[in-house]
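Dropping data.cif in here (mmCIF, C-alpha atoms and all ligand atoms):
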```cif
data_final
loop_
_atom_site.label_atom_id
_atom_site.label_comp_id
_atom_site.auth_asym_id
_atom_site.auth_seq_id
_atom_site.Cartn_x
_atom_site.Cartn_y
_atom_site.Cartn_z
CA MET E 2 -36.82 -15.91 62.38
CA ASP E 3 -39.64 -13.63 61.26
CA GLU E 4 -39.70 -10.00 62.34
CA ALA E 5 -42.57 -10.28 64.83
CA ALA E 6 -41.07 -13.35 66.51
CA ARG E 7 -37.68 -11.66 66.84
CA ILE E 8 -39.26 -8.57 68.42
CA GLU E 9 -41.20 -10.77 70.86
CA ARG E 10 -38.01 -12.61 71.85
CA LEU E 11 -36.12 -9.36 72.36
CA ARG E 12 -38.97 -7.89 74.41
CA GLY E 13 -38.99 -11.03 76.53
CA ALA E 14 -35.35 -10.44 77.40
CA PHE E 15 -36.09 -6.82 78.43
CA PRO E 16 -38.88 -7.58 80.93
CA VAL E 17 -39.75 -3.92 81.56
CA THR E 18 -40.88 -3.64 77.92
CA VAL E 19 -43.42 -6.44 78.37
CA GLU E 20 -45.30 -4.60 81.11
CA ARG E 21 -44.72 -1.03 79.99
CA VAL E 22 -44.03 1.22 77.02
CA TYR E 23 -40.51 2.33 77.89
CA PHE E 24 -39.57 5.87 76.77
CA GLY E 25 -36.51 6.41 78.97
CA THR E 26 -33.76 5.07 76.71
CA GLY E 27 -32.40 8.54 75.86
CA SER E 28 -31.45 8.75 79.56
CA PHE E 29 -31.11 5.13 80.69
CA GLY E 30 -31.90 2.17 78.45
CA PRO E 31 -33.62 -0.85 80.01
CA ILE E 32 -31.30 -3.60 81.19
CA SER E 33 -31.51 -7.06 79.63
CA ALA E 34 -31.91 -10.47 81.24
CA PRO E 35 -28.47 -11.61 79.94
CA PHE E 36 -26.89 -8.53 81.57
CA ALA E 37 -28.68 -9.14 84.89
CA ALA E 38 -27.76 -12.85 84.87
CA ALA E 39 -24.07 -12.14 84.26
CA ARG E 40 -24.03 -9.43 86.95
CA ARG E 41 -25.64 -11.79 89.47
CA ALA E 42 -23.14 -14.54 88.66
CA TYR E 43 -20.25 -12.11 89.07
CA LEU E 44 -21.52 -10.80 92.42
CA ASP E 45 -22.21 -14.32 93.70
CA ALA E 46 -18.65 -15.34 92.81
CA GLU E 47 -17.27 -12.28 94.64
CA LEU E 48 -19.49 -13.04 97.61
CA SER E 49 -18.23 -16.58 98.01
CA ALA E 50 -14.65 -16.44 96.66
CA GLY E 51 -13.80 -12.87 97.72
CA ARG E 52 -12.90 -9.92 95.54
CA TYR E 53 -9.21 -10.63 95.31
CA THR E 54 -8.44 -13.93 93.66
CA VAL E 55 -5.16 -14.94 92.02
CA ASP E 56 -6.63 -14.66 88.54
CA ARG E 57 -8.43 -11.35 89.22
CA TYR E 58 -6.25 -9.19 86.94
CA GLU E 59 -6.11 -11.81 84.23
CA ARG E 60 -9.91 -12.12 84.20
CA THR E 61 -10.29 -8.34 84.15
CA ALA E 62 -7.92 -8.04 81.19
CA HIS E 63 -9.86 -10.73 79.36
CA ALA E 64 -13.21 -9.06 80.09
CA ARG E 65 -11.85 -5.67 78.98
CA ALA E 66 -10.64 -7.12 75.68
CA ARG E 67 -13.96 -8.87 75.13
CA LEU E 68 -15.91 -5.66 75.85
CA ARG E 69 -13.76 -3.56 73.53
CA ALA E 70 -14.23 -6.13 70.75
CA GLU E 71 -18.02 -6.08 71.23
CA LEU E 72 -18.09 -2.27 71.22
CA ALA E 73 -15.90 -2.21 68.11
CA ALA E 74 -18.52 -4.36 66.37
CA VAL E 75 -21.25 -1.86 67.33
CA VAL E 76 -19.55 1.21 65.87
CA GLY E 77 -17.48 -0.27 63.02
CA ALA E 78 -14.08 0.43 64.60
CA ALA E 79 -10.99 -1.58 65.45
CA PRO E 80 -10.80 -2.53 69.16
CA THR E 81 -7.47 -0.66 69.32
CA GLU E 82 -9.29 2.55 68.39
CA LEU E 83 -11.50 2.39 71.51
CA ALA E 84 -10.71 3.35 75.09
CA LEU E 85 -13.13 2.52 77.89
CA THR E 86 -14.26 5.61 79.77
CA GLN E 87 -16.71 6.60 82.49
CA GLY E 88 -19.26 7.92 80.00
CA THR E 89 -19.76 10.35 77.14
CA GLY E 90 -18.75 13.47 79.04
CA ASP E 91 -15.56 11.79 80.20
CA GLY E 92 -14.55 11.02 76.59
CA LEU E 93 -15.51 14.47 75.27
CA ALA E 94 -13.50 16.16 78.03
CA ALA E 95 -10.52 13.87 77.38
CA VAL E 96 -10.39 14.93 73.73
CA LEU E 97 -10.74 18.64 74.51
CA ALA E 98 -8.12 18.46 77.25
CA GLY E 99 -5.78 16.31 75.19
CA LEU E 100 -5.63 18.27 71.93
CA HIS E 101 -2.96 20.90 71.49
CA TRP E 102 -4.35 24.45 71.25
CA GLU E 103 -2.63 27.56 69.99
CA PRO E 104 -3.64 31.21 70.46
CA GLY E 105 -6.52 32.14 68.15
CA ASP E 106 -7.71 28.55 67.59
CA GLU E 107 -11.45 28.22 67.11
CA ILE E 108 -13.89 25.41 67.83
CA VAL E 109 -17.21 25.32 65.98
CA TYR E 110 -20.21 23.64 67.65
CA THR E 111 -23.98 23.64 67.18
CA GLN E 112 -26.95 24.95 69.15
CA HIS E 113 -27.93 21.35 69.94
CA GLU E 114 -25.06 20.51 72.28
CA HIS E 115 -25.36 18.93 75.71
CA PRO E 116 -23.73 20.40 78.85
CA ALA E 117 -21.32 17.42 78.79
CA LEU E 118 -19.76 19.06 75.71
CA LEU E 119 -20.54 22.70 76.49
CA GLU E 120 -18.90 22.68 79.91
CA PRO E 121 -15.41 21.56 78.80
CA LEU E 122 -15.71 23.81 75.72
CA GLU E 123 -16.50 26.81 77.90
CA ALA E 124 -13.69 25.89 80.29
CA LEU E 125 -11.21 26.03 77.39
CA GLU E 126 -12.57 29.43 76.37
CA ARG E 127 -12.40 30.78 79.95
CA ARG E 128 -8.75 29.77 80.11
CA GLY E 129 -8.14 31.74 76.90
CA LEU E 130 -7.12 28.63 74.98
CA VAL E 131 -9.75 28.76 72.20
CA ARG E 132 -12.52 30.91 70.76
CA LEU E 133 -15.94 29.27 70.43
CA ARG E 134 -18.23 29.74 67.45
CA ILE E 135 -21.77 28.45 67.66
CA VAL E 136 -23.59 27.58 64.42
CA ARG E 137 -27.31 27.00 64.04
CA ALA E 138 -27.95 23.70 62.33
CA PRO E 139 -31.30 23.54 60.52
CA GLN E 140 -34.12 21.58 62.17
CA THR E 141 -34.81 19.50 59.09
CA GLY E 142 -32.05 16.89 59.14
CA ALA E 143 -31.29 17.73 55.49
CA GLU E 144 -27.90 16.72 54.06
CA ASP E 145 -27.06 20.34 53.20
CA THR E 146 -24.12 21.76 55.22
CA ALA E 147 -23.94 25.34 53.92
CA TRP E 148 -24.79 26.54 57.46
CA LEU E 149 -21.56 24.94 58.69
CA ALA E 150 -19.36 25.88 55.73
CA ALA E 151 -20.07 29.55 56.43
CA ALA E 152 -18.68 29.25 59.98
CA LEU E 153 -15.40 27.49 59.16
CA THR E 154 -12.31 29.69 58.97
CA PRO E 155 -8.59 28.97 58.63
CA ARG E 156 -8.50 29.19 62.47
CA THR E 157 -11.06 26.40 62.97
CA LYS E 158 -9.24 23.54 64.70
CA LEU E 159 -12.21 21.34 65.61
CA VAL E 160 -15.87 20.80 64.74
CA ALA E 161 -17.73 19.34 67.75
CA PHE E 162 -21.33 18.17 67.35
CA SER E 163 -23.97 15.58 68.29
CA GLY E 164 -25.19 13.05 65.76
CA THR E 165 -28.67 13.31 67.27
CA ALA E 166 -29.83 16.26 69.36
CA PHE E 167 -30.65 15.38 72.97
CA THR E 168 -33.31 18.11 73.03
CA LEU E 169 -35.78 17.37 70.21
CA GLY E 170 -34.12 14.40 68.56
CA GLN E 171 -33.08 16.02 65.25
CA ARG E 172 -30.61 13.87 63.34
CA LEU E 173 -27.65 15.80 61.97
CA PRO E 174 -26.05 14.71 58.66
CA VAL E 175 -22.95 13.15 60.27
CA ALA E 176 -21.30 11.95 57.05
CA ALA E 177 -21.78 15.29 55.25
CA ILE E 178 -20.50 17.31 58.25
CA VAL E 179 -17.41 15.13 58.59
CA ALA E 180 -16.73 15.21 54.83
CA LEU E 181 -16.89 19.01 54.79
CA ALA E 182 -14.56 19.35 57.80
CA ARG E 183 -12.11 16.79 56.43
CA ALA E 184 -11.99 18.57 53.08
CA ARG E 185 -10.70 21.61 55.02
CA GLY E 186 -8.30 19.51 57.15
CA ILE E 187 -10.37 20.05 60.32
CA PRO E 188 -10.82 17.15 62.79
CA THR E 189 -14.29 16.28 64.11
CA LEU E 190 -15.49 15.31 67.57
CA LEU E 191 -18.82 13.50 67.60
CA ASP E 192 -20.97 13.36 70.72
CA GLY E 193 -22.47 9.94 70.09
CA ALA E 194 -24.61 9.79 73.24
CA GLN E 195 -27.91 9.77 71.34
CA SER E 196 -26.59 8.10 68.18
CA VAL E 197 -24.62 4.97 69.04
CA GLY E 198 -27.07 2.09 69.08
CA ALA E 199 -29.92 4.37 67.93
CA MET E 200 -28.95 4.94 64.31
CA PRO E 201 -26.67 3.27 61.78
CA LEU E 202 -23.15 4.53 62.43
CA ASP E 203 -19.97 3.14 60.95
CA LEU E 204 -17.12 5.16 62.39
CA ALA E 205 -14.48 3.75 60.06
CA THR E 206 -16.29 4.89 56.94
CA SER E 207 -17.71 8.08 58.51
CA GLY E 208 -14.23 9.62 58.71
CA VAL E 209 -14.96 11.10 62.15
CA ASP E 210 -11.79 11.51 64.23
CA PHE E 211 -13.15 11.26 67.78
CA CYS E 212 -16.44 9.91 69.09
CA ALA E 213 -17.50 9.62 72.73
CA PHE E 214 -20.48 7.49 73.69
CA PRO E 215 -22.11 5.91 76.74
CA LEU E 216 -23.18 2.39 77.57
CA GLN E 217 -26.22 3.33 79.64
CA LYS E 218 -28.42 4.77 76.89
CA TRP E 219 -29.08 3.11 73.51
CA LEU E 220 -26.72 0.22 74.22
CA CYS E 221 -28.76 -0.64 77.33
CA GLY E 222 -25.61 -1.19 79.41
CA PRO E 223 -24.60 -0.08 82.91
CA GLU E 224 -24.13 3.45 84.21
CA GLY E 225 -20.64 4.87 84.65
CA LEU E 226 -19.21 3.18 81.58
CA GLY E 227 -18.61 4.55 78.10
CA ALA E 228 -16.13 4.48 75.28
CA LEU E 229 -14.00 6.92 73.35
CA TYR E 230 -13.23 6.24 69.71
CA VAL E 231 -10.00 7.77 68.46
CA ARG E 232 -9.41 7.19 64.76
CA ASP E 233 -6.26 5.27 64.09
CA GLY E 234 -3.66 7.90 63.34
CA SER E 235 -5.41 10.60 65.39
CA LEU E 236 -4.12 9.14 68.63
CA GLU E 237 -0.86 11.04 68.59
CA ALA E 238 -2.95 14.22 68.70
CA LEU E 239 -4.13 13.28 72.21
CA ARG E 240 -1.78 13.62 75.11
CA ARG E 241 -3.94 11.67 77.56
CA ASP E 242 -5.25 8.16 77.62
CA ARG E 243 -8.43 7.15 79.40
CA VAL E 244 -9.13 4.26 81.64
CA THR E 245 -12.11 3.37 83.73
CA ARG E 246 -12.19 1.37 86.92
CA SER E 247 -15.65 -0.10 86.30
CA TRP E 248 -14.01 -3.51 86.02
CA ASP E 249 -16.84 -5.35 87.69
CA VAL E 250 -19.29 -4.64 84.86
CA PHE E 251 -17.01 -5.43 81.89
CA ASP E 252 -18.00 -9.07 81.74
CA ALA E 253 -21.77 -8.60 82.05
CA THR E 254 -21.72 -5.73 79.56
CA ALA E 255 -19.77 -7.79 77.04
CA ALA E 256 -22.18 -10.72 77.53
CA HIS E 257 -25.16 -8.42 76.97
CA LEU E 258 -23.67 -6.85 73.81
CA GLU E 259 -22.67 -10.24 72.43
CA TRP E 260 -26.22 -11.49 72.98
CA LEU E 261 -27.74 -8.45 71.20
CA ARG E 262 -25.27 -8.83 68.33
CA THR E 263 -26.03 -12.51 67.80
CA GLU E 264 -29.75 -12.32 68.58
CA ALA E 265 -30.59 -9.32 66.41
CA GLY E 266 -27.45 -7.76 64.90
CA TRP E 267 -26.47 -4.06 65.11
CA PRO E 268 -27.67 -3.06 61.61
CA TRP E 269 -31.13 -4.49 62.33
CA LEU E 270 -31.28 -2.85 65.78
CA ALA E 271 -30.22 0.56 64.46
CA ALA E 272 -32.71 0.39 61.58
CA ARG E 273 -35.48 -0.61 64.00
CA CYS E 274 -34.67 2.34 66.33
CA VAL E 275 -34.77 4.77 63.40
CA ALA E 276 -38.07 3.29 62.16
CA LEU E 277 -39.63 3.56 65.63
CA ALA E 278 -38.38 7.14 66.07
CA ASP E 279 -39.83 8.09 62.66
CA HIS E 280 -43.09 6.36 63.54
CA ALA E 281 -43.29 8.28 66.86
CA ARG E 282 -42.49 11.56 65.10
CA ARG E 283 -45.26 11.02 62.52
CA ALA E 284 -47.74 9.95 65.21
CA LEU E 285 -46.99 13.00 67.36
CA ALA E 286 -47.30 15.33 64.36
CA ALA E 287 -50.65 13.87 63.27
C1 LIG V 301 -26.14 14.36 73.69
C2 LIG V 301 -25.62 13.98 75.03
N1 LIG V 301 -24.32 14.13 75.29
C3 LIG V 301 -23.78 13.77 76.48
C4 LIG V 301 -24.56 13.25 77.49
C5 LIG V 301 -23.90 12.87 78.79
O1 LIG V 301 -23.68 11.50 78.77
P1 LIG V 301 -22.88 10.73 79.93
O2 LIG V 301 -23.81 10.70 81.10
O3 LIG V 301 -22.60 9.39 79.35
O4 LIG V 301 -21.63 11.53 80.21
C6 LIG V 301 -25.92 13.06 77.27
C7 LIG V 301 -26.79 12.50 78.33
O5 LIG V 301 -27.98 12.67 78.35
C8 LIG V 301 -26.47 13.42 76.00
O6 LIG V 301 -27.76 13.24 75.72
#
```
Structure encoded using C-alpha cells:
Amino acid sequence: MDEAARIERLRGAFPVTVERVYFGTGSFGPISAPFAAARRAYLDAELSAGRYTVDRYERTAHARARLRAELAAVVGAAPTELALTQGTGDGLAAVLAGLHWEPGDEIVYTQHEHPALLEPLEALERRGLVRLRIVRAPQTGAEDTAWLAAALTPRTKLVAFSGTAFTLGQRLPVAAIVALARARGIPTLLDGAQSVGAMPLDLATSGVDFCAFPLQKWLCGPEGLGALYVRDGSLEALRRDRVTRSWDVFDATAAHLEWLRTEAGWPWLAARCVALADHARRALAA
C-alpha cells in the first residue's frame, strides 16, 4: 500500500482526525474505530449476559495475555517483562517504592521530569531514604552525555529520566544515557510517557532496566491503563508486583494494538510520529 493510501486508511479509523487537526495526543491520544467497536461489543455482552459469567476469569486471563503480548511487540520486550499498571505514574512509583535503598544513596534525574516522577522521588527524600541530584540536560537532543557523567558518583543508585520531555518535547539520547549508567553499574528508570509509540524504542536493546508507560497517550488506548517494563533479571530488585483491575478494557485495547500493528507496524508509526514532530518543530521555528 502506498504511503498516502495508508495514512488515509489510518485517518479513517481515527474519525476525529478526519474533521480536525488533533494536537492532544501528549495528553490523550484519539481512540480508534477498532477500539470503540470492541468496547461496544464487550459492554453489550455484559448488558445481556451479566458481568459474572462462568468463563469470566478465563476470558480475562486470555485478554490479559493477549494485551501483554501486543504491548511487548510495541516496545521490543518479552511479555514476561511487562506488568499491567494503572498508568505511568503507577509504574514509576512501584519501581521507586520497590527498590532497596541504603543511607546515602543518590538518585539522579533531569530538569525535564513530570510530577508523576518528581512526587515519588521527593517522597523518598522526605523520608530520608535517598538524596536527589538534579542535572540539567541540554536542550539540543545531542548524543553527548558529559552533563550526566559529571553528576554520577559512587553513591548513585538510579538514573531516572524521560525519553521525551513533556514540557517542550526535547528528545533525550536514551541509548547513550543508559550506556553511560550501565558502564558504571547504575540501573535506569525511563519515564516512557511521551516516548512509547512516539519514537522508535526497543527496550531489549536499549539496556534500560525499568520503563513505565501509559496506554492513553501515544498508543491511543484507554485511560487508567499502563505498563511497567522490568528487564529480565532486574525483577528480583523489586519487592512489589503490580496489577491493575481495568479488566474490562484489556480485550478492546489488545484488539486496537493488534490492528495498528498489522495495519501500519510499530516501526512505521514511530518513524511517522518523529517525522511529524520534526516537521512541526521546523514550521514553528520558521
Ligand atoms: C512525561 C510524563 N510522565 C508521566 C505522566 C503521567 O502519566 P500517567 O497519567 O499515565 O500516570 C505524563 C502525563 O502527561 C507525562 O507526560
Name all residues at most 10 Å from E:Ala272 (count all atoms listed in the file; drop same-chain ones fewer than 4 positions away) and give them as a ChimeraX atom specification.
/E:198-201,267-268,276-278
Extract, using all atoms listed in the file, all DNA, RNA and protein residues at most 7 Å from stretch 218-230 of chain E, discarding same-chain residues fewer than 2 positions from it, and format them as a PyMOL selection string.
chain E and resi 26-32+82-89+92+197-199+211-216+232+247+254
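You will find atom CA of E:Leu97 at 16.4 Å from atom C6 of ligand LIG 301 (chain V).
The coordinates place atom CA of E:Ala176 at 17.3 Å from atom CA of E:His113.
Atom P1 of ligand LIG 301 (chain V) is found 26.4 Å from atom CA of E:His280.
Among E:Ala117, E:Ala182, E:Ile8, E:Leu204, the residue with the shortest atom-to-atom distance to ligand LIG 301 (chain V), counting all atoms listed in the file, is E:Ala117.
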Distance query E:Val160 at most 6 Å, all atoms listed in the file, self and fewer than 5 positions along chain excluded, as a PyMOL selection string:
chain E and resi 108-110+189
E:Glu259: which residues within 7 Å, counting all atoms listed in the file, same-chain residues fewer than 4 positions away excluded, as a PyMOL selection string?
chain E and resi 71+255+263
Go ahead and write the selection's residues with C-alpha atoms as a PDB file, keeping the file's coordinate frame.
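Output saved as selection-v1.pdb:
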```
ATOM      1  CA  GLU E  71     -18.020  -6.080  71.230  1.00  0.00           C
ATOM      2  CA  ALA E 255     -19.770  -7.790  77.040  1.00  0.00           C
ATOM      3  CA  THR E 263     -26.030 -12.510  67.800  1.00  0.00           C
TER       4      THR E 263
END
```
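Distances here use all atoms listed in the file; by that measure, the residue among E:Pro139, E:Gly90, E:Pro155, E:Pro174 closest to E:Glu107 is E:Pro155.
Candidate residues E:Val75, E:Ala287, E:Ala184, E:Val17 were compared for distance to E:Gly266, and the nearest is E:Val75, using only C-alpha atoms.
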With all atoms listed in the file counted, which protein, DNA or RNA residues have an atom no more than 12 Å from (-36.0, -12.7, 71.2) in the file frame? Please answer as an MDAnalysis selection string.
chainID E and resid 2:16 33:35 260:266
Counting only C-alpha atoms, the residue of E:Asp279, E:Asp233, E:Asp203, E:Glu114 that sits nearest E:Pro80
E:Asp233
Restricting the calculation to all atoms listed in the file: of E:Glu126, E:Asp192, E:Glu144, E:Glu59, which residue gets closest to E:Thr111?
E:Asp192
As a PDB file, in the frame of the given file, please: stretch 133-169 of chain E completed to N, CA and C atoms.
```
ATOM      1  N   LEU E 133     -14.828  30.143  70.818  1.00  0.00           N
ATOM      2  CA  LEU E 133     -15.940  29.270  70.430  1.00  0.00           C
ATOM      3  C   LEU E 133     -16.822  29.973  69.416  1.00  0.00           C
ATOM      4  N   ARG E 134     -17.267  29.194  68.434  1.00  0.00           N
ATOM      5  CA  ARG E 134     -18.230  29.740  67.450  1.00  0.00           C
ATOM      6  C   ARG E 134     -19.399  28.786  67.366  1.00  0.00           C
ATOM      7  N   ILE E 135     -20.572  29.295  67.728  1.00  0.00           N
ATOM      8  CA  ILE E 135     -21.770  28.450  67.660  1.00  0.00           C
ATOM      9  C   ILE E 135     -22.406  28.609  66.276  1.00  0.00           C
ATOM     10  N   VAL E 136     -22.859  27.500  65.693  1.00  0.00           N
ATOM     11  CA  VAL E 136     -23.590  27.580  64.420  1.00  0.00           C
ATOM     12  C   VAL E 136     -24.974  26.978  64.634  1.00  0.00           C
ATOM     13  N   ARG E 137     -25.938  27.520  63.934  1.00  0.00           N
ATOM     14  CA  ARG E 137     -27.310  27.000  64.040  1.00  0.00           C
ATOM     15  C   ARG E 137     -27.543  25.997  62.918  1.00  0.00           C
ATOM     16  N   ALA E 138     -27.644  24.738  63.320  1.00  0.00           N
ATOM     17  CA  ALA E 138     -27.950  23.700  62.330  1.00  0.00           C
ATOM     18  C   ALA E 138     -29.448  23.736  62.056  1.00  0.00           C
ATOM     19  N   PRO E 139     -29.860  23.518  60.799  1.00  0.00           N
ATOM     20  CA  PRO E 139     -31.300  23.540  60.520  1.00  0.00           C
ATOM     21  C   PRO E 139     -32.021  22.409  61.245  1.00  0.00           C
ATOM     22  N   GLN E 140     -33.325  22.562  61.417  1.00  0.00           N
ATOM     23  CA  GLN E 140     -34.120  21.580  62.170  1.00  0.00           C
ATOM     24  C   GLN E 140     -34.502  20.380  61.314  1.00  0.00           C
ATOM     25  N   THR E 141     -34.204  20.442  60.022  1.00  0.00           N
ATOM     26  CA  THR E 141     -34.810  19.500  59.090  1.00  0.00           C
ATOM     27  C   THR E 141     -34.081  18.174  58.950  1.00  0.00           C
ATOM     28  N   GLY E 142     -32.816  18.117  59.345  1.00  0.00           N
ATOM     29  CA  GLY E 142     -32.050  16.890  59.140  1.00  0.00           C
ATOM     30  C   GLY E 142     -31.587  16.730  57.701  1.00  0.00           C
ATOM     31  N   ALA E 143     -31.693  17.815  56.900  1.00  0.00           N
ATOM     32  CA  ALA E 143     -31.290  17.730  55.490  1.00  0.00           C
ATOM     33  C   ALA E 143     -29.775  17.536  55.391  1.00  0.00           C
ATOM     34  N   GLU E 144     -29.330  17.011  54.258  1.00  0.00           N
ATOM     35  CA  GLU E 144     -27.900  16.720  54.060  1.00  0.00           C
ATOM     36  C   GLU E 144     -27.067  17.976  53.827  1.00  0.00           C
ATOM     37  N   ASP E 145     -27.747  19.091  53.508  1.00  0.00           N
ATOM     38  CA  ASP E 145     -27.060  20.340  53.200  1.00  0.00           C
ATOM     39  C   ASP E 145     -26.195  20.805  54.393  1.00  0.00           C
ATOM     40  N   THR E 146     -24.979  21.311  54.109  1.00  0.00           N
ATOM     41  CA  THR E 146     -24.120  21.760  55.220  1.00  0.00           C
ATOM     42  C   THR E 146     -23.621  23.190  55.005  1.00  0.00           C
ATOM     43  N   ALA E 147     -24.357  23.951  54.188  1.00  0.00           N
ATOM     44  CA  ALA E 147     -23.940  25.340  53.920  1.00  0.00           C
ATOM     45  C   ALA E 147     -23.875  26.136  55.224  1.00  0.00           C
ATOM     46  N   TRP E 148     -24.766  25.856  56.156  1.00  0.00           N
ATOM     47  CA  TRP E 148     -24.790  26.540  57.460  1.00  0.00           C
ATOM     48  C   TRP E 148     -23.466  26.362  58.209  1.00  0.00           C
ATOM     49  N   LEU E 149     -22.829  25.205  58.006  1.00  0.00           N
ATOM     50  CA  LEU E 149     -21.560  24.940  58.690  1.00  0.00           C
ATOM     51  C   LEU E 149     -20.397  25.545  57.901  1.00  0.00           C
ATOM     52  N   ALA E 150     -20.452  25.388  56.583  1.00  0.00           N
ATOM     53  CA  ALA E 150     -19.360  25.880  55.730  1.00  0.00           C
ATOM     54  C   ALA E 150     -19.094  27.359  56.014  1.00  0.00           C
ATOM     55  N   ALA E 151     -20.199  28.109  56.232  1.00  0.00           N
ATOM     56  CA  ALA E 151     -20.070  29.550  56.430  1.00  0.00           C
ATOM     57  C   ALA E 151     -19.315  29.885  57.718  1.00  0.00           C
ATOM     58  N   ALA E 152     -19.301  28.955  58.678  1.00  0.00           N
ATOM     59  CA  ALA E 152     -18.680  29.250  59.980  1.00  0.00           C
ATOM     60  C   ALA E 152     -17.218  28.802  60.056  1.00  0.00           C
ATOM     61  N   LEU E 153     -16.770  28.017  59.091  1.00  0.00           N
ATOM     62  CA  LEU E 153     -15.400  27.490  59.160  1.00  0.00           C
ATOM     63  C   LEU E 153     -14.418  28.544  58.644  1.00  0.00           C
ATOM     64  N   THR E 154     -13.329  28.711  59.378  1.00  0.00           N
ATOM     65  CA  THR E 154     -12.310  29.690  58.970  1.00  0.00           C
ATOM     66  C   THR E 154     -10.953  28.966  59.012  1.00  0.00           C
ATOM     67  N   PRO E 155      -9.916  29.609  58.534  1.00  0.00           N
ATOM     68  CA  PRO E 155      -8.590  28.970  58.630  1.00  0.00           C
ATOM     69  C   PRO E 155      -8.171  28.721  60.082  1.00  0.00           C
ATOM     70  N   ARG E 156      -8.840  29.385  61.055  1.00  0.00           N
ATOM     71  CA  ARG E 156      -8.500  29.190  62.470  1.00  0.00           C
ATOM     72  C   ARG E 156      -9.265  28.043  63.107  1.00  0.00           C
ATOM     73  N   THR E 157     -10.247  27.475  62.374  1.00  0.00           N
ATOM     74  CA  THR E 157     -11.060  26.400  62.970  1.00  0.00           C
ATOM     75  C   THR E 157     -10.194  25.157  63.160  1.00  0.00           C
ATOM     76  N   LYS E 158     -10.093  24.694  64.410  1.00  0.00           N
ATOM     77  CA  LYS E 158      -9.240  23.540  64.700  1.00  0.00           C
ATOM     78  C   LYS E 158     -10.047  22.314  65.098  1.00  0.00           C
ATOM     79  N   LEU E 159     -11.376  22.485  65.251  1.00  0.00           N
ATOM     80  CA  LEU E 159     -12.210  21.340  65.610  1.00  0.00           C
ATOM     81  C   LEU E 159     -13.671  21.687  65.333  1.00  0.00           C
ATOM     82  N   VAL E 160     -14.405  20.690  64.817  1.00  0.00           N
ATOM     83  CA  VAL E 160     -15.870  20.800  64.740  1.00  0.00           C
ATOM     84  C   VAL E 160     -16.418  19.769  65.713  1.00  0.00           C
ATOM     85  N   ALA E 161     -17.194  20.228  66.703  1.00  0.00           N
ATOM     86  CA  ALA E 161     -17.730  19.340  67.750  1.00  0.00           C
ATOM     87  C   ALA E 161     -19.242  19.363  67.665  1.00  0.00           C
ATOM     88  N   PHE E 162     -19.867  18.187  67.549  1.00  0.00           N
ATOM     89  CA  PHE E 162     -21.330  18.170  67.350  1.00  0.00           C
ATOM     90  C   PHE E 162     -21.914  16.824  67.748  1.00  0.00           C
ATOM     91  N   SER E 163     -23.248  16.829  67.986  1.00  0.00           N
ATOM     92  CA  SER E 163     -23.970  15.580  68.290  1.00  0.00           C
ATOM     93  C   SER E 163     -24.543  15.012  67.016  1.00  0.00           C
ATOM     94  N   GLY E 164     -24.560  13.691  66.911  1.00  0.00           N
ATOM     95  CA  GLY E 164     -25.190  13.050  65.760  1.00  0.00           C
ATOM     96  C   GLY E 164     -26.702  13.184  65.832  1.00  0.00           C
ATOM     97  N   THR E 165     -27.236  13.134  67.044  1.00  0.00           N
ATOM     98  CA  THR E 165     -28.670  13.310  67.270  1.00  0.00           C
ATOM     99  C   THR E 165     -28.818  14.251  68.458  1.00  0.00           C
ATOM    100  N   ALA E 166     -29.685  15.268  68.299  1.00  0.00           N
ATOM    101  CA  ALA E 166     -29.830  16.260  69.360  1.00  0.00           C
ATOM    102  C   ALA E 166     -30.537  15.653  70.566  1.00  0.00           C
ATOM    103  N   PHE E 167     -30.018  15.951  71.774  1.00  0.00           N
ATOM    104  CA  PHE E 167     -30.650  15.380  72.970  1.00  0.00           C
ATOM    105  C   PHE E 167     -31.943  16.122  73.311  1.00  0.00           C
ATOM    106  N   THR E 168     -32.139  17.292  72.710  1.00  0.00           N
ATOM    107  CA  THR E 168     -33.310  18.110  73.030  1.00  0.00           C
ATOM    108  C   THR E 168     -34.549  17.585  72.294  1.00  0.00           C
ATOM    109  N   LEU E 169     -34.575  17.752  70.964  1.00  0.00           N
ATOM    110  CA  LEU E 169     -35.780  17.370  70.210  1.00  0.00           C
ATOM    111  C   LEU E 169     -35.552  16.187  69.284  1.00  0.00           C
TER     112      LEU E 169
END
```
